[in-house]
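Colleague: I'd like to ask some things about the structure below.
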Amino acid sequence: MGCGRRAWMLKLLLLVVVALAAVEYLFGLRTYLGTPAFNITQSTIETDVRKSQPWFNLPLFIQNTLSQNSTQSMTGQNGTEYVRTPHLLNKIMESLRNLVSEDTTQVNEQSMPVCDEVPPDLGPVTANKTEMELDWVEKKYPEVDSGGFYSPPNCTARHKVAIIVPFRDRHQHLAIFLNHMHPFLMKQQIEYGIFIVEQNDTSAFNRAKLMNIGFVESQKKKPGGWQCFIFHDIDLLPLDSRNLYSCPEQPRHMSASIDKLKFTLPYDGIFGGVSAMTLEQFTKVNGFSNRYWGWGGEDDDMFHRMKKMHYHITRYNMSIAVYTMLDHEESAPNPKRFKLLLETSKTLEKDGLSTLKYDLVHVEQHHLYTHVLANIDERS
Ligand code: BGC
């Protein structure tokens, strides 16, 4: 009898244990099947999290087991009581916050419409050419990311454009240029970066080589790469935002109509000032020549390269491709440029991106531009 009673007690104990295990399991299962383990007000976010984070689906008792700290009972805003394991919960909430913000970005990127082909409200703009402080300009454009990078917040840009600016001794122009270009480009709803490529040595200025360097260095700064390159003199400011900073199927000469040149094109093949080329066009012509030291000729050389590769220059209407030029001293023209030009078609493959050599001093991200500083010494 005593033996039978003990067996009965044992069975009862076993039943209680099984019942307890079942309750715990069901509670866990309930969690697993969809009831939040802790209170999150936005159920849509929670659903996304569950899909992408397997650990989030763990039954509660496993989550509790993982916790190193004691649990505490709390009451949420709507009166729901829920159990917290502070240590684990904090960790989870942190991951969740990261996850949600990542998810939100993804959703935004996916659901953002592609920007209009022709953005709204484009037209003539004025230029402020008075001297200004760079610090002052920097404060004006908080929406520009460090390095001078920008992408439109409400739509996916159609064009990814690197603006390459050869530079030396023109500090007075830099602030004026950035102050004009950022709002101009933002209005066009393109994704862009501004690269100021400075020659550090004292050799004659080599605009073309600096543009080749800008091309190479800007690509390193962009995961996936830029598709379009606009080679831009720092002393030219566009005066009509319908002059789109994008790259069409053929290279585009942008600065066709400059005030200092009386708004007339000096000759048909001119490709200097501001010009746009796609990644493919620029690599097919082997970039610019590296051999033009001093003023002039490098853009004419590019014209010959383009012709050789069966490209032709396109332009906007003269009333749209309008620029104003900032004042500066004239540089000495390169007397060798005519001889060099005669050799272009023979030297194209042996002179350009394929033979580019330079010593990089630094690549620094400033708020409104990326500064590429290089030694390109003629004698080296
Ligand atoms: C030079 C070019 C320059 C053009 C317009 C030509 O003589 O070779 O480099 O862009 O003049 O000023």
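Here, A, B, ... name the chains of the structure tokens in the order displayed, residue numbers run from 1 inside each chain, and ligands are numbered from 1 in the same displayed order.
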Determine which residues of segment 287-321 of chain A receive a DSSP assignment of helix (DSSP H, G or I), computed from the backbone, and state them as a list in words.
Modeller: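 Put together, the selection reads Glu298, Asp299, Asp300, Asp301, Met302, Phe303, His304, Arg305, Met306, Lys307 and Lys308 of chain A.
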Colleague: Which residues of chain A come within 8 Å of ligand 1, and what is each one's closest atom pair and distance in Å (one decimal), counting only C-alpha atoms and all ligand atoms, sorted by chain and residue number, as a tab-separated table?
Modeller:
```
residue	atom	partner	partner_atom_place_in_ligand_line	distance
A:Pro266	CA	ligand 1	5 (C)	6.7
A:Ile270	CA	ligand 1	10 (O)	6.1
A:Phe271	CA	ligand 1	10 (O)	6.6
A:Gly272	CA	ligand 1	10 (O)	4.4
A:Gly273	CA	ligand 1	10 (O)	6.7
A:Trp295	CA	ligand 1	9 (O)	6.7
A:Gly296	CA	ligand 1	9 (O)	3.3
A:Gly297	CA	ligand 1	8 (O)	3.6
A:Glu298	CA	ligand 1	9 (O)	5.7
A:Asp299	CA	ligand 1	9 (O)	5.3
A:Asp300	CA	ligand 1	8 (O)	5.9
A:Arg337	CA	ligand 1	8 (O)	7.3
```
Colleague: Which residues come within 8 Å of segment 188-190 of chain A, counting only C-alpha atoms, excluding same-chain residues fewer than 4 positions away, as a VMD selection string?
Modeller: chain A and resid 115 118 to 119 122 150 to 152 155 157 to 161 184 241 244 to 245
Colleague: Output all heavy atoms of each residue in that selection to a file, as a short mmCIF file (atom, residue, chain, number, x, y, z; two decimals), in the first residue's frame.
Modeller:
```cif
data_model
loop_
_atom_site.label_atom_id
_atom_site.label_comp_id
_atom_site.auth_asym_id
_atom_site.auth_seq_id
_atom_site.Cartn_x
_atom_site.Cartn_y
_atom_site.Cartn_z
N CYS A 115 14.15 60.18 -59.47
CA CYS A 115 13.97 61.63 -59.66
C CYS A 115 13.49 61.92 -61.10
O CYS A 115 13.80 61.18 -62.02
CB CYS A 115 15.28 62.37 -59.41
SG CYS A 115 15.95 62.12 -57.77
N VAL A 118 13.66 65.74 -65.89
CA VAL A 118 13.95 67.18 -65.82
C VAL A 118 13.39 67.68 -64.49
O VAL A 118 12.19 67.77 -64.31
CB VAL A 118 13.30 67.94 -67.00
CG1 VAL A 118 13.62 69.43 -66.92
CG2 VAL A 118 13.76 67.37 -68.33
N PRO A 119 14.29 67.95 -63.53
CA PRO A 119 13.82 68.38 -62.20
C PRO A 119 13.01 69.68 -62.28
O PRO A 119 13.17 70.47 -63.23
CB PRO A 119 15.12 68.60 -61.43
CG PRO A 119 16.16 67.85 -62.19
CD PRO A 119 15.74 67.88 -63.62
N LEU A 122 13.73 74.70 -62.77
CA LEU A 122 15.07 75.05 -63.27
C LEU A 122 14.98 76.30 -64.14
O LEU A 122 13.95 76.58 -64.74
CB LEU A 122 15.65 73.88 -64.08
CG LEU A 122 15.84 72.56 -63.32
CD1 LEU A 122 16.46 71.51 -64.23
CD2 LEU A 122 16.68 72.75 -62.07
N TYR A 150 26.67 64.54 -52.01
CA TYR A 150 25.24 64.81 -51.84
C TYR A 150 24.43 63.83 -52.67
O TYR A 150 24.82 63.48 -53.79
CB TYR A 150 24.92 66.25 -52.27
CG TYR A 150 23.45 66.58 -52.22
CD1 TYR A 150 22.86 66.99 -51.01
CD2 TYR A 150 22.65 66.48 -53.34
CE1 TYR A 150 21.50 67.29 -50.95
CE2 TYR A 150 21.29 66.78 -53.30
CZ TYR A 150 20.72 67.18 -52.09
OH TYR A 150 19.39 67.46 -52.04
N SER A 151 23.30 63.40 -52.12
CA SER A 151 22.30 62.72 -52.95
C SER A 151 20.92 63.21 -52.52
O SER A 151 20.72 63.51 -51.34
CB SER A 151 22.43 61.20 -52.87
OG SER A 151 22.41 60.80 -51.55
N PRO A 152 20.00 63.32 -53.45
CA PRO A 152 18.69 63.91 -53.11
C PRO A 152 17.96 63.09 -52.04
O PRO A 152 17.99 61.87 -52.09
CB PRO A 152 17.92 63.89 -54.44
CG PRO A 152 18.77 63.17 -55.42
CD PRO A 152 20.11 62.94 -54.85
N CYS A 155 14.23 61.39 -53.63
CA CYS A 155 14.12 60.57 -54.84
C CYS A 155 15.49 59.97 -55.15
O CYS A 155 16.51 60.45 -54.66
CB CYS A 155 13.59 61.39 -56.02
SG CYS A 155 14.60 62.82 -56.47
N ALA A 157 18.52 59.44 -57.37
CA ALA A 157 19.13 60.23 -58.46
C ALA A 157 19.31 59.38 -59.72
O ALA A 157 19.61 58.20 -59.65
CB ALA A 157 20.46 60.77 -58.00
N ARG A 158 19.12 60.00 -60.86
CA ARG A 158 19.36 59.32 -62.14
C ARG A 158 20.84 59.33 -62.51
O ARG A 158 21.28 58.52 -63.29
CB ARG A 158 18.61 60.06 -63.27
CG ARG A 158 17.13 59.83 -63.25
CD ARG A 158 16.46 60.69 -64.31
NE ARG A 158 15.03 60.52 -64.21
CZ ARG A 158 14.33 59.64 -64.93
NH1 ARG A 158 14.94 58.88 -65.80
NH2 ARG A 158 13.03 59.52 -64.76
N HIS A 159 21.57 60.32 -61.96
CA HIS A 159 22.96 60.49 -62.39
C HIS A 159 23.90 60.54 -61.19
O HIS A 159 23.60 61.21 -60.20
CB HIS A 159 23.11 61.79 -63.18
CG HIS A 159 22.10 61.93 -64.28
ND1 HIS A 159 22.20 61.24 -65.46
CD2 HIS A 159 20.94 62.65 -64.35
CE1 HIS A 159 21.16 61.53 -66.23
NE2 HIS A 159 20.38 62.38 -65.58
N LYS A 160 25.03 59.82 -61.31
CA LYS A 160 26.06 59.86 -60.26
C LYS A 160 27.26 60.56 -60.86
O LYS A 160 27.94 60.01 -61.73
CB LYS A 160 26.43 58.44 -59.84
CG LYS A 160 25.28 57.76 -59.13
CD LYS A 160 25.62 56.33 -58.83
CE LYS A 160 24.35 55.63 -58.44
NZ LYS A 160 24.19 54.99 -57.29
N VAL A 161 27.50 61.75 -60.39
CA VAL A 161 28.43 62.63 -61.10
C VAL A 161 29.58 63.10 -60.21
O VAL A 161 29.37 63.65 -59.13
CB VAL A 161 27.66 63.90 -61.60
CG1 VAL A 161 28.54 64.73 -62.52
CG2 VAL A 161 26.38 63.51 -62.31
N PHE A 184 23.30 74.88 -56.80
CA PHE A 184 23.03 74.67 -58.22
C PHE A 184 22.84 73.16 -58.50
O PHE A 184 21.88 72.75 -59.14
CB PHE A 184 24.20 75.23 -59.04
CG PHE A 184 24.05 75.10 -60.53
CD1 PHE A 184 23.47 76.11 -61.28
CD2 PHE A 184 24.49 73.96 -61.19
CE1 PHE A 184 23.33 75.99 -62.66
CE2 PHE A 184 24.36 73.83 -62.57
CZ PHE A 184 23.79 74.85 -63.30
N SER A 241 20.28 76.70 -64.49
CA SER A 241 20.25 75.33 -63.95
C SER A 241 19.62 74.33 -64.92
O SER A 241 19.59 73.13 -64.63
CB SER A 241 19.56 75.30 -62.58
OG SER A 241 18.30 75.90 -62.66
N LEU A 244 22.10 70.82 -67.44
CA LEU A 244 22.13 69.68 -66.54
C LEU A 244 23.53 69.06 -66.44
O LEU A 244 24.15 68.75 -67.46
CB LEU A 244 21.14 68.60 -67.00
CG LEU A 244 19.65 68.95 -66.84
CD1 LEU A 244 18.79 67.80 -67.32
CD2 LEU A 244 19.32 69.31 -65.39
N TYR A 245 23.95 68.87 -65.20
CA TYR A 245 25.26 68.27 -64.95
C TYR A 245 25.13 66.74 -64.97
O TYR A 245 25.18 66.07 -63.94
CB TYR A 245 25.85 68.80 -63.63
CG TYR A 245 26.60 70.10 -63.84
CD1 TYR A 245 26.03 71.14 -64.58
CD2 TYR A 245 27.88 70.30 -63.34
CE1 TYR A 245 26.72 72.33 -64.79
CE2 TYR A 245 28.58 71.49 -63.55
CZ TYR A 245 27.99 72.50 -64.28
OH TYR A 245 28.67 73.67 -64.51
#
```
Colleague: List as a list of chain:residue names the protein and nucleic acid residues near segment 219-223 of chain A, meaning an atom at most 12 Å away when only C-alpha atoms are counted, but skip any in the same chain fewer than 5 places from it.
Modeller: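 Those residues are A:Ser146, A:Gly147, A:Gly148, A:Phe149, A:Tyr150, A:Lys160, A:Val161, A:Ala162, A:Ile163, A:Ile164, A:Glu191, A:Tyr192, A:Gly193, A:Ile194, A:Phe195, A:Asn212, A:Ile213, A:Gly214, A:Cys228, A:Phe229, A:Leu279, A:Val363, A:Glu364, A:Gln365, A:Thr370, A:His371, A:Val372.
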Colleague: How many Å separate atom CA of Ser289 of chain A from atom CA of Ala208 of chain A?
Modeller: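 One can read the atom CA of Ser289 of chain A to atom CA of Ala208 of chain A distance as 6.4 Å.
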Colleague: I need the residue nearest Asp235 of chain A from this list: A:Leu210, A:Ala276, A:Ile320, A:Leu178. Use only C-alpha atoms for the distance.
Modeller: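 Of A:Leu210, A:Ala276, A:Ile320, A:Leu178, the one nearest Asp235 of chain A, counting only C-alpha atoms, is A:Leu178.
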Colleague: From the list A:Ile176, A:Lys350, A:Arg291, A:Thr156, which residue is nearest Thr130 of chain A when using only C-alpha atoms?
Modeller: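 Closest candidate: A:Ile176.
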Colleague: Atom CA of Leu353 of chain A and atom CA of Gln199 of chain A, how far apart in Å?
Modeller: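 Going from atom CA of Gln199 of chain A over to atom CA of Leu353 of chain A, I get 17.1 Å.
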Colleague: What's around Arg252 of chain A at 6 Å? Count only C-alpha atoms, leave out sequence neighbours fewer than 6 positions away in its own chain, and write the answer as a ChimeraX atom specification.
Modeller: /A:275-276,313-315
Colleague: Which of these residues is nearest to Val285 of chain A, using only C-alpha atoms: A:Leu348, A:Ala321, A:Leu185, A:Ile196?
Modeller: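 When distances to Val285 of chain A are compared using only C-alpha atoms, the smallest one comes from A:Leu348.
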Colleague: So, counting only C-alpha atoms, which residue among A:Ala175, A:Ile376, A:Val125, A:Met318 is closest to Tyr292 of chain A?
Modeller: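 Using only C-alpha atoms, the shortest distance to Tyr292 of chain A belongs to A:Ile376.
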Colleague: Do a neighbour search on Lys262 of chain A at 12 Å with only C-alpha atoms, toss out local chain neighbours closer than 4 positions, and write the hits as an MDAnalysis selection string.
Modeller: chainID A and resid 256:258 266 318 322:325
